[in-house]
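Here is the file run-v2.cif (mmCIF, C-alpha atoms).
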```cif
data_structure
#
loop_
_atom_site.label_atom_id
_atom_site.label_comp_id
_atom_site.auth_asym_id
_atom_site.auth_seq_id
_atom_site.Cartn_x
_atom_site.Cartn_y
_atom_site.Cartn_z
CA MET F 6 -0.43 -8.96 27.89
CA GLY F 7 0.66 -12.61 27.92
CA ALA F 8 3.12 -13.78 30.53
CA GLY F 9 6.71 -13.10 29.49
CA ARG F 10 5.72 -11.04 26.46
CA ARG F 11 7.50 -7.68 26.20
CA THR F 12 5.29 -4.70 25.49
CA THR F 13 5.90 -3.35 21.99
CA ILE F 14 5.55 0.06 20.43
CA ARG F 15 2.48 -1.26 18.56
CA ASP F 16 0.83 -2.09 21.91
CA VAL F 17 1.36 1.49 23.09
CA ALA F 18 0.12 2.89 19.77
CA SER F 19 -3.03 0.77 19.95
CA ALA F 20 -3.71 1.80 23.55
CA ALA F 21 -3.20 5.48 22.77
CA GLY F 22 -5.07 5.39 19.46
CA VAL F 23 -2.12 6.70 17.42
CA SER F 24 0.45 5.35 14.96
CA PRO F 25 3.70 3.63 16.04
CA ALA F 26 5.57 6.54 14.40
CA THR F 27 3.79 9.02 16.71
CA VAL F 28 4.70 6.91 19.75
CA SER F 29 8.34 6.92 18.67
CA LEU F 30 8.41 10.70 18.18
CA VAL F 31 6.77 11.37 21.55
CA LEU F 32 8.72 8.94 23.73
CA ASN F 33 12.05 9.95 22.24
CA ASP F 34 11.31 13.71 22.53
CA VAL F 35 12.22 14.28 18.90
CA PRO F 36 12.71 18.05 18.36
CA GLY F 37 10.36 19.90 16.01
CA GLN F 38 7.44 17.48 16.34
CA ARG F 39 3.98 18.96 15.74
CA ILE F 40 2.06 16.60 17.96
CA PRO F 41 -0.65 18.21 20.16
CA PRO F 42 0.09 18.23 23.91
CA SER F 43 -3.03 16.15 24.59
CA THR F 44 -1.79 13.44 22.23
CA ARG F 45 1.67 13.46 23.81
CA GLU F 46 0.12 13.07 27.27
CA ARG F 47 -2.05 10.19 26.03
CA VAL F 48 0.97 8.39 24.56
CA ARG F 49 3.04 8.80 27.71
CA ALA F 50 0.14 7.63 29.88
CA ALA F 51 -0.33 4.53 27.72
CA ALA F 52 3.41 3.78 27.84
CA ALA F 53 3.44 4.15 31.62
CA ALA F 54 0.36 1.97 32.06
CA LEU F 55 1.91 -0.75 29.89
CA ASP F 56 5.37 -0.36 31.48
CA TYR F 57 6.89 0.21 28.05
CA THR F 58 10.53 1.22 27.54
CA PRO F 59 11.60 2.09 23.97
CA HIS F 60 14.83 0.09 24.20
CA ARG F 61 15.88 -0.23 20.60
CA ILE F 62 14.53 3.06 19.35
CA ALA F 63 16.10 4.97 22.24
CA ARG F 64 19.42 3.26 21.53
CA ALA F 65 19.11 4.02 17.82
CA LEU F 66 18.57 7.71 18.50
CA ARG F 67 21.57 7.83 20.84
CA GLU F 68 23.83 6.08 18.36
CA GLY F 69 22.88 8.32 15.45
CA SER F 70 22.82 6.81 11.99
CA SER F 71 23.75 3.25 12.86
CA ARG F 72 20.46 1.61 13.83
CA LEU F 73 17.49 3.69 12.62
CA VAL F 74 15.82 3.49 9.22
CA LEU F 75 13.33 6.19 8.21
CA LEU F 76 10.49 5.26 5.85
CA ASP F 77 8.85 8.22 4.11
CA ALA F 78 5.50 6.58 3.33
CA GLY F 79 3.76 9.73 2.03
CA PRO F 80 0.09 8.99 1.30
CA LEU F 81 0.66 5.21 1.39
CA ARG F 82 -2.42 3.56 2.84
CA THR F 83 -1.95 1.68 6.08
CA ARG F 84 -3.92 -1.35 4.97
CA GLY F 85 -3.57 -4.00 2.29
CA SER F 86 -0.07 -4.27 0.89
CA GLY F 87 0.95 -0.97 2.51
CA ALA F 88 0.48 -2.38 6.00
CA SER F 89 2.01 -5.74 5.04
CA PHE F 90 5.05 -4.07 3.46
CA ILE F 91 5.69 -2.02 6.60
CA ALA F 92 5.19 -5.08 8.84
CA GLY F 93 7.74 -7.09 6.84
CA LEU F 94 10.15 -4.16 6.74
CA ASP F 95 9.85 -3.57 10.48
CA ASP F 96 10.26 -7.24 11.42
CA GLU F 97 13.33 -7.78 9.25
CA LEU F 98 14.98 -4.59 10.51
CA ARG F 99 14.36 -5.67 14.11
CA GLN F 100 15.89 -9.06 13.40
CA GLN F 101 18.97 -7.21 12.14
CA GLY F 102 19.11 -5.05 15.29
CA HIS F 103 17.64 -1.90 13.72
CA ALA F 104 14.51 0.17 14.33
CA LEU F 105 11.99 1.58 11.86
CA LEU F 106 10.48 5.07 11.97
CA VAL F 107 7.56 5.65 9.58
CA ALA F 108 6.48 9.15 8.57
CA TYR F 109 3.18 9.69 6.72
CA GLY F 110 1.62 12.62 4.90
CA GLU F 111 3.93 15.53 4.19
CA PRO F 112 7.43 14.70 2.85
CA ALA F 113 9.48 13.45 5.80
CA ALA F 114 12.99 13.81 4.42
CA ASP F 115 13.49 17.43 5.53
CA ALA F 116 16.55 18.79 7.28
CA ASP F 117 14.94 19.13 10.73
CA LEU F 118 13.70 15.55 10.88
CA LEU F 119 16.89 14.09 9.46
CA ALA F 120 18.98 16.07 11.96
CA ALA F 121 16.76 14.93 14.82
CA VAL F 122 16.78 11.20 14.10
CA ALA F 123 20.04 10.78 12.13
CA PRO F 124 18.84 7.66 10.30
CA ARG F 125 21.12 5.15 8.70
CA THR F 126 19.10 5.53 5.51
CA VAL F 127 15.86 7.02 4.22
CA MET F 128 13.49 4.88 2.16
CA ASN F 129 11.36 7.32 0.18
CA LEU F 130 8.14 5.80 -1.15
CA THR F 131 6.79 9.28 -1.91
CA GLN F 132 9.61 9.85 -4.36
CA LEU F 133 9.31 6.32 -5.74
CA TYR F 134 5.58 6.20 -6.45
CA PHE F 135 4.16 9.72 -6.09
CA SER F 136 6.66 11.87 -7.99
CA GLY F 137 5.05 11.32 -11.39
CA ASP F 138 8.19 9.64 -12.74
CA GLU F 139 8.64 5.99 -13.64
CA PRO F 140 9.90 4.27 -10.46
CA HIS F 141 13.41 2.87 -10.58
CA GLY F 142 14.16 0.21 -8.01
CA ASP F 143 10.73 -1.34 -7.40
CA GLY F 144 11.27 -4.27 -9.75
CA GLY F 145 9.51 -2.82 -12.78
CA TRP F 146 8.27 -5.42 -15.27
CA VAL F 147 10.05 -8.23 -13.41
CA ASP F 148 8.40 -8.09 -9.98
CA GLY F 149 7.36 -4.47 -9.46
CA LEU F 150 4.16 -2.49 -9.90
CA ALA F 151 4.28 -2.81 -13.68
CA ALA F 152 4.50 -6.60 -13.47
CA HIS F 153 1.53 -6.69 -11.09
CA ALA F 154 -0.53 -4.63 -13.56
CA ALA F 155 0.32 -7.09 -16.33
CA THR F 156 -0.70 -10.05 -14.16
CA GLN F 157 -4.06 -8.42 -13.40
CA LEU F 158 -4.85 -7.80 -17.08
CA ALA F 159 -3.55 -11.21 -18.19
CA HIS F 160 -6.19 -12.84 -15.98
CA LEU F 161 -8.92 -11.02 -17.91
CA ALA F 162 -7.33 -11.77 -21.29
CA GLU F 163 -7.20 -15.48 -20.44
CA ARG F 164 -10.96 -15.36 -19.91
CA GLY F 165 -11.58 -13.82 -23.32
CA HIS F 166 -12.08 -10.17 -22.38
CA GLU F 167 -10.91 -7.87 -25.18
CA ARG F 168 -12.36 -4.52 -24.08
CA VAL F 169 -11.53 -3.63 -20.51
CA ALA F 170 -12.11 -0.49 -18.45
CA LEU F 171 -9.33 0.56 -16.07
CA ALA F 172 -11.13 1.91 -12.99
CA LEU F 173 -9.10 4.66 -11.30
CA PRO F 174 -10.12 6.50 -8.10
CA ASP F 175 -11.32 10.08 -8.30
CA ASP F 176 -8.87 11.10 -5.57
CA PRO F 177 -6.34 13.94 -6.12
CA GLN F 178 -4.01 12.52 -3.47
CA LEU F 179 -3.66 9.30 -5.46
CA ALA F 180 -3.42 11.02 -8.87
CA PRO F 181 0.36 10.45 -9.38
CA LEU F 182 0.04 6.75 -8.56
CA ALA F 183 -3.08 6.46 -10.72
CA ALA F 184 -1.17 8.02 -13.64
CA LEU F 185 1.58 5.47 -13.14
CA ARG F 186 -0.92 2.61 -13.14
CA ARG F 187 -2.48 4.04 -16.29
CA ARG F 188 0.86 3.95 -18.10
CA HIS F 189 1.60 0.41 -16.97
CA ALA F 190 -1.85 -0.83 -17.99
CA ALA F 191 -1.57 0.80 -21.42
CA ILE F 192 1.74 -0.96 -22.08
CA ALA F 193 0.60 -4.32 -20.66
CA SER F 194 -2.70 -4.37 -22.55
CA GLU F 195 -1.18 -4.18 -26.03
CA PRO F 196 0.48 -7.63 -26.26
CA LEU F 197 -2.57 -9.15 -24.56
CA GLY F 198 -4.88 -7.92 -27.33
CA ILE F 199 -6.91 -5.81 -24.88
CA ARG F 200 -8.43 -2.49 -25.85
CA LEU F 201 -8.25 -0.38 -22.71
CA VAL F 202 -10.57 2.49 -21.78
CA GLU F 203 -10.64 4.52 -18.59
CA LEU F 204 -13.32 4.81 -15.91
CA THR F 205 -12.91 7.40 -13.15
CA VAL F 206 -14.67 6.18 -10.01
CA PRO F 207 -15.84 8.55 -7.23
CA ARG F 208 -16.17 7.08 -3.72
CA ASP F 209 -19.84 8.07 -3.70
CA VAL F 210 -21.87 5.11 -5.00
CA PRO F 211 -24.68 7.12 -6.71
CA ALA F 212 -22.05 9.21 -8.51
CA ALA F 213 -20.16 6.05 -9.46
CA SER F 214 -23.41 4.60 -10.82
CA GLY F 215 -23.68 7.59 -13.14
CA ARG F 216 -20.12 7.00 -14.40
CA LEU F 217 -20.95 3.33 -14.99
CA ARG F 218 -24.03 4.32 -17.04
CA GLN F 219 -21.87 6.68 -19.12
CA LEU F 220 -19.38 3.87 -19.71
CA GLU F 221 -22.17 1.58 -20.95
CA ARG F 222 -23.35 4.22 -23.41
CA LYS F 223 -19.92 5.23 -24.71
CA GLU F 224 -18.21 1.83 -24.60
CA PRO F 225 -20.93 -0.84 -24.94
CA GLY F 226 -18.36 -3.51 -25.76
CA VAL F 227 -16.61 -3.35 -22.38
CA THR F 228 -16.99 -6.69 -20.62
CA ALA F 229 -14.58 -6.33 -17.69
CA ILE F 230 -13.21 -3.79 -15.25
CA ALA F 231 -9.68 -3.86 -13.84
CA ALA F 232 -9.72 -1.78 -10.67
CA PHE F 233 -6.96 0.38 -9.19
CA ASP F 234 -7.44 -1.37 -5.85
CA ASP F 235 -10.03 -3.40 -3.97
CA ASP F 236 -11.74 -0.30 -2.57
CA THR F 237 -12.32 0.97 -6.10
CA ALA F 238 -13.58 -2.47 -7.12
CA PHE F 239 -16.07 -2.50 -4.23
CA VAL F 240 -17.49 0.85 -5.35
CA VAL F 241 -17.84 -0.53 -8.89
CA LEU F 242 -19.63 -3.62 -7.56
CA ALA F 243 -21.99 -1.48 -5.48
CA ALA F 244 -22.69 0.75 -8.50
CA ALA F 245 -23.29 -2.28 -10.72
CA ALA F 246 -25.79 -3.70 -8.21
CA ARG F 247 -27.54 -0.33 -8.11
CA GLU F 248 -27.79 -0.31 -11.90
CA GLY F 249 -28.91 -3.92 -12.15
CA ILE F 250 -25.73 -5.01 -13.97
CA ALA F 251 -25.00 -8.68 -13.32
CA VAL F 252 -21.48 -9.46 -12.12
CA PRO F 253 -19.88 -11.50 -13.58
CA GLY F 254 -22.67 -12.27 -16.11
CA ALA F 255 -22.64 -8.89 -17.87
CA LEU F 256 -19.45 -7.44 -16.38
CA ALA F 257 -16.38 -9.04 -14.81
CA VAL F 258 -14.54 -7.13 -12.06
CA ILE F 259 -11.05 -7.72 -10.69
CA GLY F 260 -9.46 -5.89 -7.78
CA PHE F 261 -5.82 -5.16 -7.04
CA ASP F 262 -3.83 -5.52 -3.82
CA GLU F 263 -6.20 -8.00 -2.19
CA GLY F 264 -7.58 -6.84 1.13
CA GLU F 265 -9.27 -8.74 3.95
CA HIS F 266 -12.78 -8.01 2.67
CA ALA F 267 -12.38 -9.43 -0.84
CA ALA F 268 -13.57 -12.89 0.16
CA LEU F 269 -16.40 -11.47 2.32
CA TRP F 270 -18.07 -9.41 -0.41
CA SER F 271 -21.01 -10.84 -2.34
CA PRO F 272 -20.15 -11.78 -5.02
CA ALA F 273 -16.68 -12.56 -3.66
CA LEU F 274 -14.11 -10.35 -5.35
CA THR F 275 -11.39 -11.72 -7.58
CA SER F 276 -8.23 -9.77 -6.78
CA LEU F 277 -4.49 -9.61 -7.22
CA ARG F 278 -2.66 -10.73 -4.10
CA ILE F 279 0.77 -9.12 -3.61
CA ASP F 280 3.28 -10.67 -1.23
CA ALA F 281 4.02 -7.25 0.23
CA GLU F 282 5.45 -8.58 3.48
CA ALA F 283 8.18 -10.37 1.52
CA PHE F 284 8.81 -7.16 -0.46
CA GLY F 285 9.21 -5.34 2.85
CA ARG F 286 11.70 -7.88 4.16
CA ARG F 287 13.71 -7.69 0.97
CA ALA F 288 13.65 -3.89 1.03
CA ALA F 289 14.98 -3.97 4.61
CA ARG F 290 17.85 -6.23 3.66
CA ARG F 291 18.74 -4.06 0.67
CA ALA F 292 18.67 -0.96 2.87
CA LEU F 293 21.22 -2.63 5.13
CA HIS F 294 23.28 -3.78 2.13
CA LEU F 295 22.45 -7.45 2.74
CA ASP F 296 21.66 -10.03 0.06
CA PRO F 297 17.84 -10.35 -0.12
CA GLY F 298 18.18 -13.91 -1.43
CA PRO F 299 16.04 -15.61 -4.10
CA TRP F 300 12.26 -15.47 -4.28
CA ALA F 301 10.79 -18.73 -2.98
CA HIS F 302 7.19 -18.10 -4.10
CA PRO F 303 5.17 -15.85 -6.46
CA ARG F 304 5.60 -12.11 -6.03
CA SER F 305 1.94 -11.65 -6.92
CA GLU F 306 -0.89 -13.87 -8.08
CA VAL F 307 -4.57 -13.61 -8.95
CA VAL F 308 -6.95 -15.11 -6.40
CA ALA F 309 -9.92 -16.04 -8.58
CA ARG F 310 -13.34 -15.80 -6.92
CA GLU F 311 -16.84 -15.04 -8.15
CA THR F 312 -16.51 -11.68 -9.95
CA THR F 313 -14.56 -12.99 -12.97
#
```

Could you quickly redo this structure as structure tokens?
Amino acid sequence: MGAGRRTTIRDVASAAGVSPATVSLVLNDVPGQRIPPSTRERVRAAAAALDYTPHRIARALREGSSRLVLLDAGPLRTRGSGASFIAGLDDELRQQGHALLVAYGEPAADADLLAAVAPRTVMNLTQLYFSGDEPHGDGGWVDGLAAHAATQLAHLAERGHERVALALPDDPQLAPLAALRRRHAAIASEPLGIRLVELTVPRDVPAASGRLRQLERKEPGVTAIAAFDDDTAFVVLAAAAREGIAVPGALAVIGFDEGEHAALWSPALTSLRIDAEAFGRRAARRALHLDPGPWAHPRSEVVARETT
């Protein structure tokens, strides 16, 4: 720890090998928590070793609903834009004198948890993106998920691709979000003159290779793949290499929600970069009924590399 730097909840979480949300639940003795005793002991030991005191979160719990915001992240992935969104949300809330509690997995907005933490507000990403309904409040076709889908496909249309496969993960947990992306892509593809087909991509590369072969047989005119996310794009690239399909010579591939490995892959992956940290900051300000202010830079943009 650098001189003069206060230990943070993230430091304790890293030392204990758990999430910041788990640290918060343990150190504040939140009733009804289902955290194993061994994990609780590990968190407390890490906090003691680092001389950590949960100042703001402890104060928020004492004061009830005034200074704590609960984020129900559901199955949101803690990397890519998910991690950046939470980082921006957390930092802006702290600047405004509030604390963030993040709950993953099962729906967090139940009576026991709400009674225990008495948050000022609950931000429910599970309801927003995993309910199966069209999200209201994420920006839609202006700067939301739909707009990002249109930007991804527009990049391919600008390069002359008319038949594009939308690569969606074969993952039941992500099925509601995949269905939403499917609807957005179908709407966005029409004015771009793109004929869209679907490719379901397992995480297993040999199985994904088989799906890619089927796509070639059934849709021989497909020249590009728009992936659900970078992880899905990487599986497609690995399957293409296995099948001897040249990228981008025979098939262009574009990712979505650019991750740290996009530039490191060979060939380097073209992907859609989302300014998720700024979205998080704006979401925090809206949650506190503050003006988020104007956008000063693009909400999302394609970072063109070697795969398109």

Exercise. Report the residues retrieved by the PyMOL selection byres ((chain F and resi 104) around 9) from the displayed file, expressed as a count of residues only.
Key: 15

Exercise. Mind giving me the straight-line distance from CA of Arg291 (chain F) to CA of Ala184 (chain F) in Å, one decimal?
Key: 27.3 Å

Exercise. Extract, using all atoms listed in the file, all DNA, RNA and protein residues at most 9 Å from Pro297 (chain F), discarding same-chain residues fewer than 4 positions from it, and format them as a ChimeraX atom specification.
Key: /F:286-291

Quiz item: Evaluating the PyMOL selection byres ((chain F and resi 167) around 9) on the displayed file yields which residues, as a PyMOL selection string?
Solution: chain F and resi 161-162+165-166+168-169+197-201+226-229

Quiz prompt | Atomic separation - CA of Ile40 (chain F) relative to CA of Arg15 (chain F), Å | solution = 17.9 Å

Quiz item: So which residues touch Leu171 (chain F) within 9 Å, counting only C-alpha atoms, skipping near sequence neighbours fewer than 5 positions away, as a PyMOL selection string?
Solution: chain F and resi 187+190+201-205+229-233

Exercise. Point out the residue among F:Ala172, F:Leu269, F:Ala292, F:Ala309 with the least atom-to-atom distance to Asp234 (chain F), counting all atoms listed in the file.
Key: F:Ala172

Can you list, as a short mmCIF file (atom, residue, chain, number, x, y, z; two decimals) with C-alpha atoms, keeping the file's coordinate frame, every protein, DNA or RNA residue that comes within 7 Å of Arg47 (chain F) when you count all atoms listed in the file, leaving out same-chain residues fewer than 4 positions away?
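The resulting file, out15.cif, is reproduced below:
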```cif
data_model
loop_
_atom_site.label_atom_id
_atom_site.label_comp_id
_atom_site.auth_asym_id
_atom_site.auth_seq_id
_atom_site.Cartn_x
_atom_site.Cartn_y
_atom_site.Cartn_z
CA ALA F 21 -3.20 5.48 22.77
CA SER F 43 -3.03 16.15 24.59
CA ALA F 51 -0.33 4.53 27.72
#
```

Self-check item: Shell of 12 Å around Leu55 (chain F), only C-alpha atoms, local chain residues under 6 positions omitted, as number ranges by chain
Solution: F: 6, 10-21, 48-49

Store the residues picked out above, limited to C-alpha atoms, as a PDB file, keeping the file's coordinate frame.
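Okay, out.pdb is ready:
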```pdb
ATOM      1  CA  MET F   6      -0.430  -8.960  27.890  1.00  0.00           C
ATOM      2  CA  ARG F  10       5.720 -11.040  26.460  1.00  0.00           C
ATOM      3  CA  ARG F  11       7.500  -7.680  26.200  1.00  0.00           C
ATOM      4  CA  THR F  12       5.290  -4.700  25.490  1.00  0.00           C
ATOM      5  CA  THR F  13       5.900  -3.350  21.990  1.00  0.00           C
ATOM      6  CA  ILE F  14       5.550   0.060  20.430  1.00  0.00           C
ATOM      7  CA  ARG F  15       2.480  -1.260  18.560  1.00  0.00           C
ATOM      8  CA  ASP F  16       0.830  -2.090  21.910  1.00  0.00           C
ATOM      9  CA  VAL F  17       1.360   1.490  23.090  1.00  0.00           C
ATOM     10  CA  ALA F  18       0.120   2.890  19.770  1.00  0.00           C
ATOM     11  CA  SER F  19      -3.030   0.770  19.950  1.00  0.00           C
ATOM     12  CA  ALA F  20      -3.710   1.800  23.550  1.00  0.00           C
ATOM     13  CA  ALA F  21      -3.200   5.480  22.770  1.00  0.00           C
ATOM     14  CA  VAL F  48       0.970   8.390  24.560  1.00  0.00           C
ATOM     15  CA  ARG F  49       3.040   8.800  27.710  1.00  0.00           C
TER      16      ARG F  49
END
```

Practice problem: Work out how far CA of Leu293 (chain F) is from CA of Tyr57 (chain F), in Å to one decimal. | Solution: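 According to the coordinates, CA of Tyr57 (chain F) and CA of Leu293 (chain F) are separated by 27.2 Å.
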
For the structure provided, state which residues fall under the PyMOL selection byres ((chain F and resi 189) around 10), and present them as a PDB file with C-alpha atoms, in the frame of the given file.
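Generated output (result20.pdb):
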```
ATOM      1  CA  GLU F 139       8.640   5.990 -13.640  1.00  0.00           C
ATOM      2  CA  GLY F 145       9.510  -2.820 -12.780  1.00  0.00           C
ATOM      3  CA  TRP F 146       8.270  -5.420 -15.270  1.00  0.00           C
ATOM      4  CA  LEU F 150       4.160  -2.490  -9.900  1.00  0.00           C
ATOM      5  CA  ALA F 151       4.280  -2.810 -13.680  1.00  0.00           C
ATOM      6  CA  ALA F 152       4.500  -6.600 -13.470  1.00  0.00           C
ATOM      7  CA  HIS F 153       1.530  -6.690 -11.090  1.00  0.00           C
ATOM      8  CA  ALA F 154      -0.530  -4.630 -13.560  1.00  0.00           C
ATOM      9  CA  ALA F 155       0.320  -7.090 -16.330  1.00  0.00           C
ATOM     10  CA  ALA F 183      -3.080   6.460 -10.720  1.00  0.00           C
ATOM     11  CA  ALA F 184      -1.170   8.020 -13.640  1.00  0.00           C
ATOM     12  CA  LEU F 185       1.580   5.470 -13.140  1.00  0.00           C
ATOM     13  CA  ARG F 186      -0.920   2.610 -13.140  1.00  0.00           C
ATOM     14  CA  ARG F 187      -2.480   4.040 -16.290  1.00  0.00           C
ATOM     15  CA  ARG F 188       0.860   3.950 -18.100  1.00  0.00           C
ATOM     16  CA  ALA F 190      -1.850  -0.830 -17.990  1.00  0.00           C
ATOM     17  CA  ALA F 191      -1.570   0.800 -21.420  1.00  0.00           C
ATOM     18  CA  ILE F 192       1.740  -0.960 -22.080  1.00  0.00           C
ATOM     19  CA  ALA F 193       0.600  -4.320 -20.660  1.00  0.00           C
ATOM     20  CA  SER F 194      -2.700  -4.370 -22.550  1.00  0.00           C
TER      21      SER F 194
END
```

Quiz item: Between F:Ala257, F:Leu274, F:Glu248, F:Val28, which has the minimum distance to Ser214 (chain F) (counting all atoms listed in the file)?
Solution: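 Result for the nearest residue to Ser214 (chain F): F:Glu248.
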
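Ranking F:Leu158, F:Val210, F:Met128, F:Leu179 by their shortest atom-to-atom distance to Gly260 (chain F), with all atoms listed in the file included, puts F:Leu158 first.
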
Quiz item: Quick one: of F:Ile91, F:Ala212, F:Ala268, F:Ala170, who's nearest to Leu256 (chain F), counting all atoms listed in the file?
Solution: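 When distances to Leu256 (chain F) are compared using all atoms listed in the file, the smallest one comes from F:Ala170.
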
Quiz item: Once you count all atoms listed in the file, which residues end up no further than 12 Å from (-20.0, 7.2, -3.0) in the file's frame, shown as a ChimeraX atom specification?
Solution: /F:174-175,206-216,236-237,239-244,247

Practice problem: Rank nothing, just name the residue among F:Glu306, F:Glu221, F:Glu195, F:Glu97 nearest to Phe284 (chain F), using all atoms listed in the file. | Solution: F:Glu97
